[in-house]
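Just final.cif here, mmCIF, C-alpha atoms (C1' of nucleotides):
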data_work
loop_
_atom_site.label_atom_id
_atom_site.label_comp_id
_atom_site.auth_asym_id
_atom_site.auth_seq_id
_atom_site.Cartn_x
_atom_site.Cartn_y
_atom_site.Cartn_z
CA MET A 1 -22.36 -8.27 -47.41
CA LEU A 2 -22.42 -9.94 -44.04
CA PRO A 3 -22.52 -7.60 -41.03
CA ARG A 4 -19.19 -8.91 -39.80
CA TRP A 5 -17.52 -8.03 -43.06
CA ILE A 6 -18.75 -4.51 -42.78
CA GLU A 7 -17.55 -4.40 -39.21
CA ALA A 8 -14.14 -5.63 -40.27
CA PHE A 9 -13.83 -3.47 -43.38
CA PRO A 10 -16.24 -0.55 -43.39
CA ALA A 11 -14.69 0.71 -46.62
CA ALA A 12 -15.13 -2.50 -48.56
CA LEU A 13 -17.06 -2.53 -51.81
CA PRO A 14 -19.45 -5.32 -52.72
CA LEU A 15 -18.91 -6.82 -56.14
CA ARG A 16 -20.66 -9.46 -58.20
CA ILE A 17 -19.34 -11.68 -60.90
CA GLY A 18 -20.11 -9.96 -64.17
CA ALA A 19 -20.04 -6.48 -62.72
CA LYS A 20 -17.65 -3.96 -64.18
CA ALA A 21 -14.44 -3.01 -62.43
CA PRO A 22 -14.70 -0.48 -59.60
CA ASN A 23 -11.72 1.80 -59.18
CA ILE A 24 -9.81 0.38 -56.29
CA SER A 25 -6.32 0.94 -55.00
CA GLU A 26 -3.36 -1.10 -56.10
CA GLN A 27 -3.09 -3.35 -53.09
CA SER A 28 -6.72 -4.00 -52.37
CA ILE A 29 -7.74 -7.45 -51.37
CA ALA A 30 -10.52 -9.33 -53.10
CA TRP A 31 -12.56 -11.36 -50.64
CA VAL A 32 -14.14 -14.07 -52.70
CA ARG A 33 -17.01 -16.03 -51.29
CA VAL A 34 -17.40 -19.40 -52.89
CA THR A 35 -20.04 -22.01 -52.45
CA ASP A 36 -20.35 -25.02 -54.74
CA GLU A 37 -18.90 -23.45 -57.86
CA PRO A 38 -15.31 -24.58 -58.47
CA VAL A 39 -12.91 -22.16 -56.82
CA ALA A 40 -10.62 -21.88 -59.82
CA LYS A 41 -13.45 -20.76 -62.03
CA THR A 42 -14.65 -18.14 -59.58
CA LEU A 43 -11.19 -16.75 -59.05
CA GLU A 44 -10.63 -16.54 -62.74
CA ALA A 45 -13.81 -14.51 -63.10
CA VAL A 46 -12.74 -12.20 -60.30
CA ARG A 47 -9.37 -11.67 -61.93
CA ARG A 48 -10.97 -10.82 -65.21
CA ILE A 49 -12.72 -7.99 -63.46
CA LEU A 50 -10.08 -6.75 -61.08
CA GLY A 51 -6.90 -7.66 -62.91
CA GLY A 52 -4.83 -10.78 -62.85
CA ASP A 53 -2.62 -9.87 -59.96
CA VAL A 54 -5.19 -8.85 -57.40
CA ALA A 55 -4.73 -10.60 -54.06
CA CYS A 56 -7.63 -12.94 -53.44
CA VAL A 57 -8.75 -14.44 -50.17
CA VAL A 58 -11.28 -17.21 -50.48
CA LEU A 59 -14.17 -17.31 -48.06
CA ALA A 60 -15.81 -20.68 -47.74
CA ASP A 61 -19.16 -21.36 -46.17
CA GLN A 62 -18.11 -24.88 -45.34
CA PRO A 63 -14.34 -24.93 -45.43
CA ASP A 64 -12.60 -28.16 -46.18
CA ASP A 65 -9.05 -29.08 -47.01
CA GLU A 66 -9.74 -30.05 -50.58
CA GLN A 67 -11.24 -26.71 -51.39
CA ALA A 68 -8.42 -24.97 -49.58
CA MET A 69 -5.91 -26.83 -51.69
CA ALA A 70 -7.83 -25.90 -54.80
CA SER A 71 -7.83 -22.24 -53.72
CA PHE A 72 -4.09 -22.11 -53.26
CA ALA A 73 -3.65 -24.00 -56.49
CA ALA A 74 -5.54 -21.14 -58.06
CA ALA A 75 -3.09 -18.74 -56.45
CA ALA A 76 -5.33 -17.48 -53.69
CA LYS A 77 -3.51 -15.67 -50.90
CA GLY A 78 -5.74 -16.96 -48.20
CA TYR A 79 -8.54 -19.32 -47.32
CA CYS A 80 -10.89 -19.02 -44.40
CA ASN A 81 -14.38 -19.44 -43.13
CA THR A 82 -16.99 -17.05 -44.50
CA HIS A 83 -18.18 -16.47 -40.99
CA ALA A 84 -14.84 -15.70 -39.43
CA ALA A 85 -14.84 -13.00 -36.78
CA PRO A 86 -14.06 -9.44 -37.88
CA GLU A 87 -10.80 -9.40 -35.94
CA LEU A 88 -9.69 -12.52 -37.70
CA LEU A 89 -10.60 -11.08 -41.08
CA ARG A 90 -8.55 -8.02 -40.35
CA ARG A 91 -5.63 -10.10 -39.26
CA ILE A 92 -5.81 -12.08 -42.45
CA ALA A 93 -5.84 -8.83 -44.38
CA ASP A 94 -2.70 -7.78 -42.50
CA VAL A 95 -0.88 -10.93 -43.36
CA VAL A 96 -1.91 -10.90 -46.98
CA THR A 97 -1.05 -7.27 -47.60
CA GLN A 98 2.36 -7.99 -46.15
CA GLY A 99 2.86 -10.62 -48.79
CA GLY A 100 2.05 -13.59 -46.59
CA LEU A 101 -0.32 -16.44 -47.13
CA TRP A 102 -3.16 -17.33 -44.81
CA ILE A 103 -3.57 -21.02 -44.42
CA GLY A 104 -6.21 -22.58 -42.23
CA GLU A 105 -5.13 -24.51 -39.23
CA SER A 106 -6.59 -27.66 -40.64
CA LEU A 107 -4.76 -27.47 -43.93
CA MET A 108 -1.60 -26.55 -42.14
CA HIS A 109 -1.93 -29.67 -40.07
CA ARG A 110 -2.43 -31.71 -43.14
CA LEU A 111 0.55 -30.23 -44.90
CA MET A 112 2.89 -30.81 -42.08
CA ARG A 113 1.53 -33.90 -40.47
CA ALA A 114 4.04 -36.12 -42.13
CA THR A 115 7.09 -34.22 -41.02
CA ILE A 116 6.57 -32.15 -37.92
CA HIS A 117 4.57 -31.71 -34.78
CA LEU A 118 2.09 -28.85 -34.74
CA PRO A 119 0.71 -27.35 -31.51
CA PRO A 120 -3.05 -27.42 -31.07
CA SER A 121 -3.50 -23.68 -31.38
CA ALA A 122 -1.82 -21.10 -33.59
CA ALA A 123 -2.35 -17.60 -34.83
CA PRO A 124 -0.44 -15.00 -36.77
CA ALA A 125 -0.10 -11.30 -36.57
CA VAL A 126 1.36 -8.53 -38.52
CA VAL A 127 2.16 -4.91 -38.70
CA ALA A 128 1.49 -2.10 -41.06
CA ALA A 129 4.45 -0.27 -42.37
CA THR A 130 3.43 3.33 -42.73
CA ALA A 131 6.29 5.53 -41.67
CA TRP A 132 5.51 5.92 -38.02
CA ASP A 133 9.03 6.96 -37.24
CA VAL A 134 9.41 10.18 -39.17
CA GLY A 135 11.45 12.73 -37.28
CA LEU A 136 12.76 10.28 -34.73
CA THR A 137 16.45 9.95 -34.13
CA GLU A 138 18.12 6.58 -34.42
CA ARG A 139 18.15 6.02 -30.70
CA GLU A 140 14.57 7.08 -30.29
CA ARG A 141 13.50 4.68 -32.98
CA GLU A 142 15.36 1.91 -31.28
CA VAL A 143 13.78 2.65 -27.93
CA ALA A 144 10.35 3.06 -29.49
CA LEU A 145 10.60 -0.40 -31.01
CA ALA A 146 11.46 -1.86 -27.65
CA VAL A 147 8.58 -0.07 -25.99
CA ALA A 148 6.23 -1.28 -28.68
CA ALA A 149 7.41 -4.80 -28.06
CA GLY A 150 6.31 -4.52 -24.46
CA ALA A 151 9.61 -3.88 -22.72
CA SER A 152 9.79 -1.82 -19.54
CA ASN A 153 12.16 1.13 -19.23
CA LYS A 154 14.37 -0.92 -16.96
CA GLU A 155 14.62 -3.77 -19.43
CA ILE A 156 15.47 -1.47 -22.29
CA ALA A 157 18.08 0.26 -20.17
CA ARG A 158 19.70 -3.07 -19.39
CA SER A 159 19.72 -4.23 -22.96
CA LEU A 160 21.16 -0.99 -24.34
CA ASP A 161 23.46 -0.64 -21.38
CA ILE A 162 22.48 2.91 -20.52
CA THR A 163 20.55 4.26 -17.55
CA GLU A 164 16.85 4.12 -17.15
CA ARG A 165 16.87 7.89 -17.00
CA THR A 166 18.11 8.10 -20.54
CA ILE A 167 15.44 5.71 -21.70
CA LYS A 168 12.90 8.00 -20.14
CA ALA A 169 14.41 10.88 -22.07
CA HIS A 170 14.10 9.00 -25.35
CA VAL A 171 10.61 7.79 -24.59
CA GLY A 172 9.53 11.28 -23.58
CA ALA A 173 10.96 12.79 -26.76
CA THR A 174 9.25 10.13 -28.85
CA LEU A 175 5.86 10.62 -27.22
CA GLU A 176 6.22 14.32 -27.88
CA LYS A 177 7.21 13.89 -31.51
CA LEU A 178 4.49 11.38 -32.29
CA GLY A 179 1.93 13.33 -30.34
CA VAL A 180 0.75 10.49 -28.17
CA ARG A 181 0.06 10.31 -24.47
CA ASP A 182 1.79 7.25 -23.19
CA ARG A 183 3.75 4.19 -24.16
CA LEU A 184 0.69 2.11 -24.89
CA GLN A 185 -0.49 4.55 -27.51
CA LEU A 186 3.05 4.68 -28.80
CA SER A 187 2.92 0.94 -29.25
CA LEU A 188 -0.34 1.24 -31.15
CA VAL A 189 1.27 3.70 -33.54
CA VAL A 190 4.40 1.64 -33.98
CA ASN A 191 2.46 -1.55 -34.44
CA GLY A 192 0.39 0.06 -37.09
CA HIS A 193 -2.92 0.44 -35.35
CA ARG A 194 -5.16 3.51 -35.22
CA SER A 195 -4.44 7.24 -35.14
CA ARG A 196 -1.53 9.61 -35.54
CA MET B 1 24.53 -10.50 -30.66
CA LEU B 2 23.98 -8.91 -34.03
CA PRO B 3 22.91 -5.27 -33.96
CA ARG B 4 19.69 -6.12 -35.75
CA TRP B 5 18.76 -8.60 -33.08
CA ILE B 6 19.23 -5.97 -30.46
CA GLU B 7 17.19 -3.60 -32.49
CA ALA B 8 14.43 -6.14 -32.80
CA PHE B 9 14.55 -7.32 -29.20
CA PRO B 10 16.36 -4.92 -26.89
CA ALA B 11 15.42 -7.00 -23.90
CA ALA B 12 16.92 -10.20 -25.27
CA LEU B 13 19.62 -12.02 -23.36
CA PRO B 14 22.59 -13.61 -25.08
CA LEU B 15 23.21 -17.24 -24.19
CA ARG B 16 25.83 -19.79 -25.09
CA ILE B 17 25.61 -23.55 -25.17
CA GLY B 18 26.88 -24.76 -21.85
CA ALA B 19 25.86 -21.63 -20.00
CA LYS B 20 23.57 -21.98 -17.05
CA ALA B 21 19.92 -21.06 -17.28
CA PRO B 22 19.08 -17.37 -16.99
CA ASN B 23 15.78 -16.58 -15.35
CA ILE B 24 13.48 -15.81 -18.18
CA SER B 25 9.75 -15.56 -18.40
CA GLU B 26 7.57 -18.51 -19.26
CA GLN B 27 6.84 -17.55 -22.83
CA SER B 28 10.26 -16.40 -23.93
CA ILE B 29 11.53 -17.39 -27.33
CA ALA B 30 14.91 -18.97 -27.84
CA TRP B 31 16.57 -17.70 -31.00
CA VAL B 32 19.02 -20.36 -31.91
CA ARG B 33 21.74 -19.58 -34.39
CA VAL B 34 23.07 -22.68 -36.09
CA THR B 35 25.95 -23.09 -38.47
CA ASP B 36 27.28 -26.50 -39.45
CA GLU B 37 26.40 -28.38 -36.28
CA PRO B 38 23.29 -30.55 -36.72
CA VAL B 39 20.20 -28.59 -35.77
CA ALA B 40 18.68 -31.35 -33.67
CA LYS B 41 21.75 -31.50 -31.49
CA THR B 42 21.87 -27.77 -30.95
CA LEU B 43 18.19 -27.57 -30.12
CA GLU B 44 18.55 -30.39 -27.68
CA ALA B 45 21.34 -28.52 -25.94
CA VAL B 46 19.24 -25.38 -25.79
CA ARG B 47 16.33 -27.29 -24.31
CA ARG B 48 18.56 -28.78 -21.67
CA ILE B 49 19.33 -25.26 -20.54
CA LEU B 50 16.01 -23.54 -20.95
CA GLY B 51 13.59 -26.39 -20.47
CA GLY B 52 12.11 -28.82 -22.92
CA ASP B 53 9.14 -26.76 -23.90
CA VAL B 54 10.80 -23.47 -24.70
CA ALA B 55 9.83 -22.14 -28.12
CA CYS B 56 12.82 -22.19 -30.43
CA VAL B 57 13.32 -20.29 -33.64
CA VAL B 58 16.25 -21.40 -35.70
CA LEU B 59 18.43 -18.77 -37.32
CA ALA B 60 20.47 -20.04 -40.22
CA ASP B 61 23.41 -18.26 -41.78
CA GLN B 62 22.81 -20.06 -45.03
CA PRO B 63 19.25 -21.30 -44.97
CA ASP B 64 18.31 -24.31 -47.00
CA ASP B 65 15.27 -26.53 -47.15
CA GLU B 66 16.95 -29.58 -45.70
CA GLN B 67 18.02 -27.72 -42.61
CA ALA B 68 14.59 -26.17 -42.34
CA MET B 69 13.00 -29.60 -42.43
CA ALA B 70 15.42 -30.80 -39.82
CA SER B 71 14.55 -27.83 -37.62
CA PHE B 72 10.86 -28.49 -37.73
CA ALA B 73 11.48 -32.17 -37.25
CA ALA B 74 13.24 -31.12 -34.06
CA ALA B 75 10.10 -29.20 -33.10
CA ALA B 76 11.40 -25.73 -33.83
CA LYS B 77 8.69 -23.11 -34.07
CA GLY B 78 10.36 -21.19 -36.81
CA TYR B 79 13.21 -21.08 -39.26
CA CYS B 80 14.67 -18.01 -40.87
CA ASN B 81 17.77 -16.27 -42.05
CA THR B 82 20.20 -15.12 -39.36
CA HIS B 83 20.36 -11.75 -41.02
CA ALA B 84 16.65 -11.14 -41.32
CA ALA B 85 15.54 -7.55 -40.79
CA PRO B 86 14.45 -6.55 -37.29
CA GLU B 87 10.87 -6.04 -38.42
CA LEU B 88 10.78 -9.53 -39.80
CA LEU B 89 12.22 -10.94 -36.60
CA ARG B 90 9.57 -9.19 -34.63
CA ARG B 91 6.90 -10.52 -36.90
CA ILE B 92 8.21 -14.01 -36.46
CA ALA B 93 8.16 -13.50 -32.72
CA ASP B 94 4.54 -12.42 -32.99
CA VAL B 95 3.55 -15.49 -34.86
CA VAL B 96 5.46 -17.87 -32.65
CA THR B 97 4.27 -16.47 -29.35
CA GLN B 98 0.76 -16.81 -30.63
CA GLY B 99 1.34 -20.47 -31.14
CA GLY B 100 1.99 -20.29 -34.87
CA LEU B 101 4.83 -21.64 -36.92
CA TRP B 102 7.09 -19.56 -39.13
CA ILE B 103 8.00 -21.29 -42.30
CA GLY B 104 10.28 -19.82 -44.87
CA GLU B 105 9.01 -19.10 -48.31
CA SER B 106 11.24 -21.67 -49.86
CA LEU B 107 10.16 -24.50 -47.63
CA MET B 108 6.56 -23.49 -48.08
CA HIS B 109 6.99 -23.90 -51.78
CA ARG B 110 8.48 -27.28 -51.32
CA LEU B 111 5.73 -28.43 -49.01
CA MET B 112 3.05 -27.46 -51.41
CA ARG B 113 4.76 -28.37 -54.62
CA ALA B 114 3.65 -31.96 -54.49
CA THR B 115 0.00 -31.14 -54.19
CA ILE B 116 -0.63 -27.70 -55.53
CA HIS B 117 0.78 -24.95 -57.65
CA LEU B 118 2.09 -21.94 -55.77
CA PRO B 119 2.52 -18.58 -57.51
CA PRO B 120 6.02 -17.15 -57.76
CA SER B 121 5.32 -14.49 -55.15
CA ALA B 122 4.65 -15.55 -51.59
CA ALA B 123 6.31 -14.69 -48.37
CA PRO B 124 6.38 -16.75 -45.23
CA ALA B 125 3.19 -18.53 -44.51
CA VAL B 126 1.30 -18.85 -41.39
CA VAL B 127 -1.60 -20.32 -39.57
CA ALA B 128 -4.93 -19.63 -37.94
CA ALA B 129 -6.50 -18.29 -34.83
CA THR B 130 -6.44 -18.59 -31.09
CA ALA B 131 -8.88 -16.69 -28.94
CA TRP B 132 -7.11 -14.17 -26.76
CA ASP B 133 -10.05 -13.87 -24.46
CA VAL B 134 -10.53 -17.38 -23.18
CA GLY B 135 -11.59 -17.41 -19.56
CA LEU B 136 -12.38 -13.73 -19.37
CA THR B 137 -15.72 -12.56 -18.08
CA GLU B 138 -17.87 -10.24 -20.15
CA ARG B 139 -16.83 -7.19 -18.20
CA GLU B 140 -13.17 -8.12 -18.31
CA ARG B 141 -13.33 -8.54 -22.05
CA GLU B 142 -14.97 -5.16 -22.38
CA VAL B 143 -12.33 -3.48 -20.27
CA ALA B 144 -9.53 -5.34 -22.02
CA LEU B 145 -10.70 -4.04 -25.36
CA ALA B 146 -10.70 -0.49 -24.06
CA VAL B 147 -7.23 -0.91 -22.62
CA ALA B 148 -5.99 -2.35 -25.89
CA ALA B 149 -7.35 0.67 -27.67
CA GLY B 150 -5.17 2.90 -25.53
CA ALA B 151 -7.64 4.16 -22.96
CA SER B 152 -6.59 5.04 -19.41
CA ASN B 153 -8.33 3.56 -16.39
CA LYS B 154 -9.98 6.87 -15.72
CA GLU B 155 -11.35 7.11 -19.25
CA ILE B 156 -12.70 3.58 -19.14
CA ALA B 157 -14.30 4.26 -15.78
CA ARG B 158 -16.04 7.30 -17.18
CA SER B 159 -17.28 5.50 -20.25
CA LEU B 160 -18.62 2.51 -18.36
CA ASP B 161 -19.87 4.70 -15.56
CA ILE B 162 -18.20 2.79 -12.77
CA THR B 163 -15.30 3.75 -10.53
CA GLU B 164 -11.69 3.66 -11.51
CA ARG B 165 -11.11 1.20 -8.71
CA THR B 166 -13.34 -1.33 -10.38
CA ILE B 167 -11.53 -0.87 -13.65
CA LYS B 168 -8.34 -1.68 -11.84
CA ALA B 169 -9.95 -4.84 -10.53
CA HIS B 170 -10.95 -5.94 -14.02
CA VAL B 171 -7.60 -5.04 -15.51
CA GLY B 172 -5.78 -6.84 -12.72
CA ALA B 173 -7.87 -9.96 -13.16
CA THR B 174 -7.29 -9.88 -16.90
CA LEU B 175 -3.53 -9.48 -16.58
CA GLU B 176 -3.54 -12.44 -14.25
CA LYS B 177 -5.66 -14.62 -16.50
CA LEU B 178 -3.69 -13.84 -19.63
CA GLY B 179 -0.40 -14.10 -17.83
CA VAL B 180 0.97 -10.73 -18.85
CA ARG B 181 2.72 -8.05 -16.87
CA ASP B 182 1.04 -4.80 -17.71
CA ARG B 183 -1.54 -3.13 -19.90
CA LEU B 184 0.83 -2.65 -22.80
CA GLN B 185 1.48 -6.34 -23.07
CA LEU B 186 -2.23 -6.92 -22.68
CA SER B 187 -2.79 -4.69 -25.67
CA LEU B 188 -0.25 -6.68 -27.64
CA VAL B 189 -2.13 -9.87 -26.90
CA VAL B 190 -5.52 -8.41 -27.68
CA ASN B 191 -4.27 -6.83 -30.86
CA GLY B 192 -2.79 -10.09 -31.89
CA HIS B 193 0.86 -9.31 -31.44
CA ARG B 194 3.56 -11.02 -29.41
CA SER B 195 3.62 -11.72 -25.65
CA ARG B 196 1.59 -14.22 -23.65
"C1'" DC C 1 35.46 29.30 -33.34
"C1'" DG C 2 30.72 29.04 -31.79
"C1'" DG C 3 26.13 27.25 -32.29
"C1'" DG C 4 23.27 23.30 -32.22
"C1'" DG C 5 21.58 18.76 -32.22
"C1'" DA C 6 22.06 14.01 -30.33
"C1'" DA C 7 23.09 11.10 -26.73
"C1'" DC C 8 23.57 10.65 -22.03
"C1'" DT C 9 22.94 11.51 -17.02
"C1'" DG C 10 21.29 13.47 -12.45
"C1'" DT C 11 17.65 14.86 -8.76
"C1'" DA C 12 13.11 15.45 -7.87
"C1'" DC C 13 8.25 15.31 -8.20
"C1'" DC C 14 3.51 13.66 -9.42
"C1'" DG C 15 0.17 10.93 -11.15
"C1'" DA C 16 -1.06 6.49 -13.21
"C1'" DA C 17 -0.89 1.67 -12.78
"C1'" DG C 18 -1.02 -2.37 -10.25
"C1'" DT C 19 -1.48 -5.09 -5.82
"C1'" DA C 20 -3.04 -6.46 -1.12
"C1'" DC C 21 -6.71 -6.98 1.95
"C1'" DA C 22 -11.67 -6.36 2.52
"C1'" DT C 23 -16.67 -5.63 1.94
"C1'" DG C 24 -21.07 -5.87 -0.26
"C1'" DT C 25 -24.77 -7.21 -3.67
"C1'" DA C 26 -27.08 -10.10 -7.07
"C1'" DG C 27 -27.91 -14.34 -9.42
"C1'" DG C 28 -27.34 -19.40 -10.47
"C1'" DC C 29 -27.28 -24.05 -8.59
"C1'" DG C 30 -27.20 -28.37 -5.80
"C1'" DC D 1 -30.44 -22.54 2.31
"C1'" DG D 2 -25.44 -22.20 1.75
"C1'" DC D 3 -21.85 -21.90 -2.04
"C1'" DC D 4 -19.80 -19.87 -5.90
"C1'" DT D 5 -19.07 -16.37 -9.38
"C1'" DA D 6 -19.41 -11.86 -11.52
"C1'" DC D 7 -19.48 -7.28 -10.46
"C1'" DA D 8 -18.70 -3.32 -7.82
"C1'" DT D 9 -16.19 -0.59 -4.44
"C1'" DG D 10 -13.17 1.15 -0.49
"C1'" DT D 11 -8.40 2.22 1.69
"C1'" DA D 12 -3.67 1.85 1.46
"C1'" DC D 13 0.60 0.98 -0.43
"C1'" DT D 14 4.47 0.21 -4.00
"C1'" DT D 15 6.24 0.67 -8.34
"C1'" DC D 16 6.46 2.52 -12.77
"C1'" DG D 17 5.95 6.03 -16.18
"C1'" DG D 18 6.34 10.62 -17.51
"C1'" DT D 19 7.86 15.45 -16.82
"C1'" DA D 20 10.51 19.57 -15.17
"C1'" DC D 21 14.84 21.53 -14.74
"C1'" DA D 22 19.52 20.96 -15.06
"C1'" DG D 23 24.16 19.65 -16.86
"C1'" DT D 24 27.79 16.90 -19.68
"C1'" DT D 25 30.25 15.22 -23.92
"C1'" DC D 26 30.78 14.64 -28.74
"C1'" DC D 27 30.45 15.83 -33.37
"C1'" DC D 28 28.97 18.39 -37.41
"C1'" DC D 29 28.56 22.51 -39.93
"C1'" DG D 30 28.65 27.36 -41.09
#
Can you give me the file's structure in the form of structure tokens?
Amino acid sequence: MLPRWIEAFPAALPLRIGAKAPNISEQSIAWVRVTDEPVAKTLEAVRRILGGDVACVVLADQPDDEQAMASFAAAAKGYCNTHAAPELLRRIADVVTQGGLWIGESLMHRLMRATIHLPPSAAPAVVAATAWDVGLTEREREVALAVAAGASNKEIARSLDITERTIKAHVGATLEKLGVRDRLQLSLVVNGHRSR
Amino acid sequence: MLPRWIEAFPAALPLRIGAKAPNISEQSIAWVRVTDEPVAKTLEAVRRILGGDVACVVLADQPDDEQAMASFAAAAKGYCNTHAAPELLRRIADVVTQGGLWIGESLMHRLMRATIHLPPSAAPAVVAATAWDVGLTEREREVALAVAAGASNKEIARSLDITERTIKAHVGATLEKLGVRDRLQLSLVVNGHRSR
DNA sequence: CGGGGAACTGTACCGAAGTACATGTAGGCG
DNA sequence: CGCCTACATGTACTTCGGTACAGTTCCCCG
């Protein structure tokens, strides 16, 4: 286990090919580090242990497009560098648990090169969908979403065509109900980060 | 404006082809609803109004792969169903503002079909990482992380054992460098969501 | 009918956040 | 040695966010 993996996922369990199945939750992600062994073979071994439908993300020491292709051919949900930063790993986990695929920039380029222009950068993001909005009224939920998206009270007021004062009322009620201090923490809750 | 759009983006402004340019921020997203008109033509019209480099996401009433291809050929940043759920719209916005592309599941299949096998599951697919902290000094990065975690200036000051005034200086510099308005939007950038 | 919750609004206040204008120190570099 | 940058800090000011204390309308439900 690399230190950055532990940093990214303190609760992760190490697992070797040939080991017996640990009891893990339904939607766990298998992070599969591959080296020179064919990806398909490794993934097959992992699936024998953890079940055929476990979501696998392939970690490559020296990523290349061919191996990435092979990974997705073997139904991997993601492919990235073994030494990716913890934040990136977490983001990949987000995407994958949401049912998305994580494709490296390089492969993406390759896939699309023929048809479309791709900007030099790129990055995804995702949210966790635990019920953050229990107990909120419809309007409060609506306002909370806007706050979490970075809107100011004034902007929300304009878009909903009510006064800023009313927005404040909704925001205040929401902060109270969710037990957070200010709109930033509200956004963290709504966006599925930390606490509450 | 569909109710779900408003729910997803309360601060969004409606705009018709032929209208004059509203004053919008640099990194706004244009959500372009297309019907039977050719996509390229519509996008061109939008760009005439909002500027050539505005990020466009195409909303299709009846999505199909051909139209999706056409959209990306016309340099759209995303393509999805007009009636997508607010959460999905927000996720797309996240990805696009981060410089990513949003590709529908169907098109993704098609793109990969030639080369690799894709499992029957799969949601929209996405791309890889941009550093949020380019150009920040060590101290600024440190403060930005604390802000993004929901800390107040006073709390950060205490924990770093410097004055609140200095925290304000770092926060201010960071907002400037990342081109965002306030600490909430900063947190969205740091946490890998929309804005910027 | 009356009670109660939701949505909406008002005035007013306070503290947090953010900005403008300045100052000072320490370290790297031509 | 000056120059630049990061870091730290001060005063002062404006704006925004959040709260306290009201009050209204509408609608549902017992």
Requested in this report: Could you list the residues in chain D lying within 10 Å of chain B, using all atoms listed in the file, and format the result as a VMD selection string?
Outcome: chain D and resid 6 to 10
Report task. Run the PyMOL selection byres ((chain A and resi 75-79) around 6) mentally over the shown coordinates, then write out the matched residues as a PyMOL selection string, using the chain letters and numbers from the document. Result -> (chain A and resi 56-58+71-74+80+101-103) or (chain B and resi 119)
**Report entry** All residues 12 Å or closer to Ala173 (chain A), all atoms listed in the file, same chain fewer than 2 positions away omitted, as a list in words
**Finding:** Gly135, Leu136, Thr137, Arg139, Glu140, Arg141, Val143, Ala144, Thr166, Ile167, Lys168, Ala169, His170, Val171, Leu175, Glu176, Lys177, Leu178, Gly179, Val180, Arg181, Asp182, Arg183 and Leu186 of chain A; DA6 of chain C; DG18 and DT19 of chain D
Report task. Could you please tell me, as JSON, numbers by chain, which residues of chain C have an atom within 10 Å of chain A when using only C-alpha atoms (C1' of nucleotides)? Result -> {"C": [6, 7, 8, 9, 10]}
Limited to C-alpha atoms (C1' of nucleotides), could you put the picked residues into a file as a PDB file, in the frame of the given file?
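The file below, result09.pdb, is the result:
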ATOM      1  C1'  DA C   6      22.060  14.010 -30.330  1.00  0.00           C
ATOM      2  C1'  DA C   7      23.090  11.100 -26.730  1.00  0.00           C
ATOM      3  C1'  DC C   8      23.570  10.650 -22.030  1.00  0.00           C
ATOM      4  C1'  DT C   9      22.940  11.510 -17.020  1.00  0.00           C
ATOM      5  C1'  DG C  10      21.290  13.470 -12.450  1.00  0.00           C
TER       6       DG C  10
END
**Report entry** Nearest residue to chain B from the set A:Leu15, A:Leu145, A:Ala30, A:Ala68 (distances using all atoms listed in the file)
**Finding:**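 When distances to chain B are compared using all atoms listed in the file, the smallest one comes from A:Leu145.
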Query raised in the report: If we count all atoms listed in the file, what is near Gln62 (chain B) at a cut-off of 12 Å, once residues fewer than 5 positions away on the same chain are taken out, given as a list in words?
Result: Arg33, Val34, Thr35, Asp36, Gln67, Ala68, Tyr79, Cys80, Asn81, Thr82, His83 and Ala84 of chain B
Query - Residue nearest chain B - candidates A:Arg158, A:Arg16, A:Lys41, A:Arg47, atoms counted: all atoms listed in the file - result: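 Smallest distance to chain B is found for A:Arg158.
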Requested in this report: Give as a list in words the residues that the PyMOL selection byres ((chain D and resi 22) around 12) matches when applied to the coordinates above.
Outcome: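 With the shown file as input, the PyMOL selection byres ((chain D and resi 22) around 12) matches DT9, DG10, DT11 and DA12 of chain C; DA20, DC21, DG23 and DT24 of chain D.
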Requested in this report: Go through A:Pro14, A:Pro38, A:Gly150, A:Gly52 and flag the residue nearest chain B, using all atoms listed in the file for the distances.
Outcome: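 Answer, going by the shortest atom-to-atom distance: A:Gly150.
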Query raised in the report: Could you state the separation of C1' of DT25 (chain D) and C1' of DG4 (chain C) in Å, given to one decimal place?
Result: 13.5 Å
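Among A:Val189, A:Ile17, A:Leu184, A:Ala11, the residue with the shortest atom-to-atom distance to chain B, counting only C-alpha atoms, is A:Leu184.
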Query raised in the report: Evaluating the PyMOL selection byres ((chain D and resi 16) around 10) on the displayed file yields which residues, as a ChimeraX atom specification?
Result: /A:152-154 /C:16-18 /D:14-15,17-18
Query raised in the report: If you count all atoms listed in the file, which residues fall within 12 Å of DT5 (chain D), apart from same-chain ones fewer than 6 positions away, as a PyMOL selection string?
Result: (chain B and resi 137) or (chain C and resi 26-29)
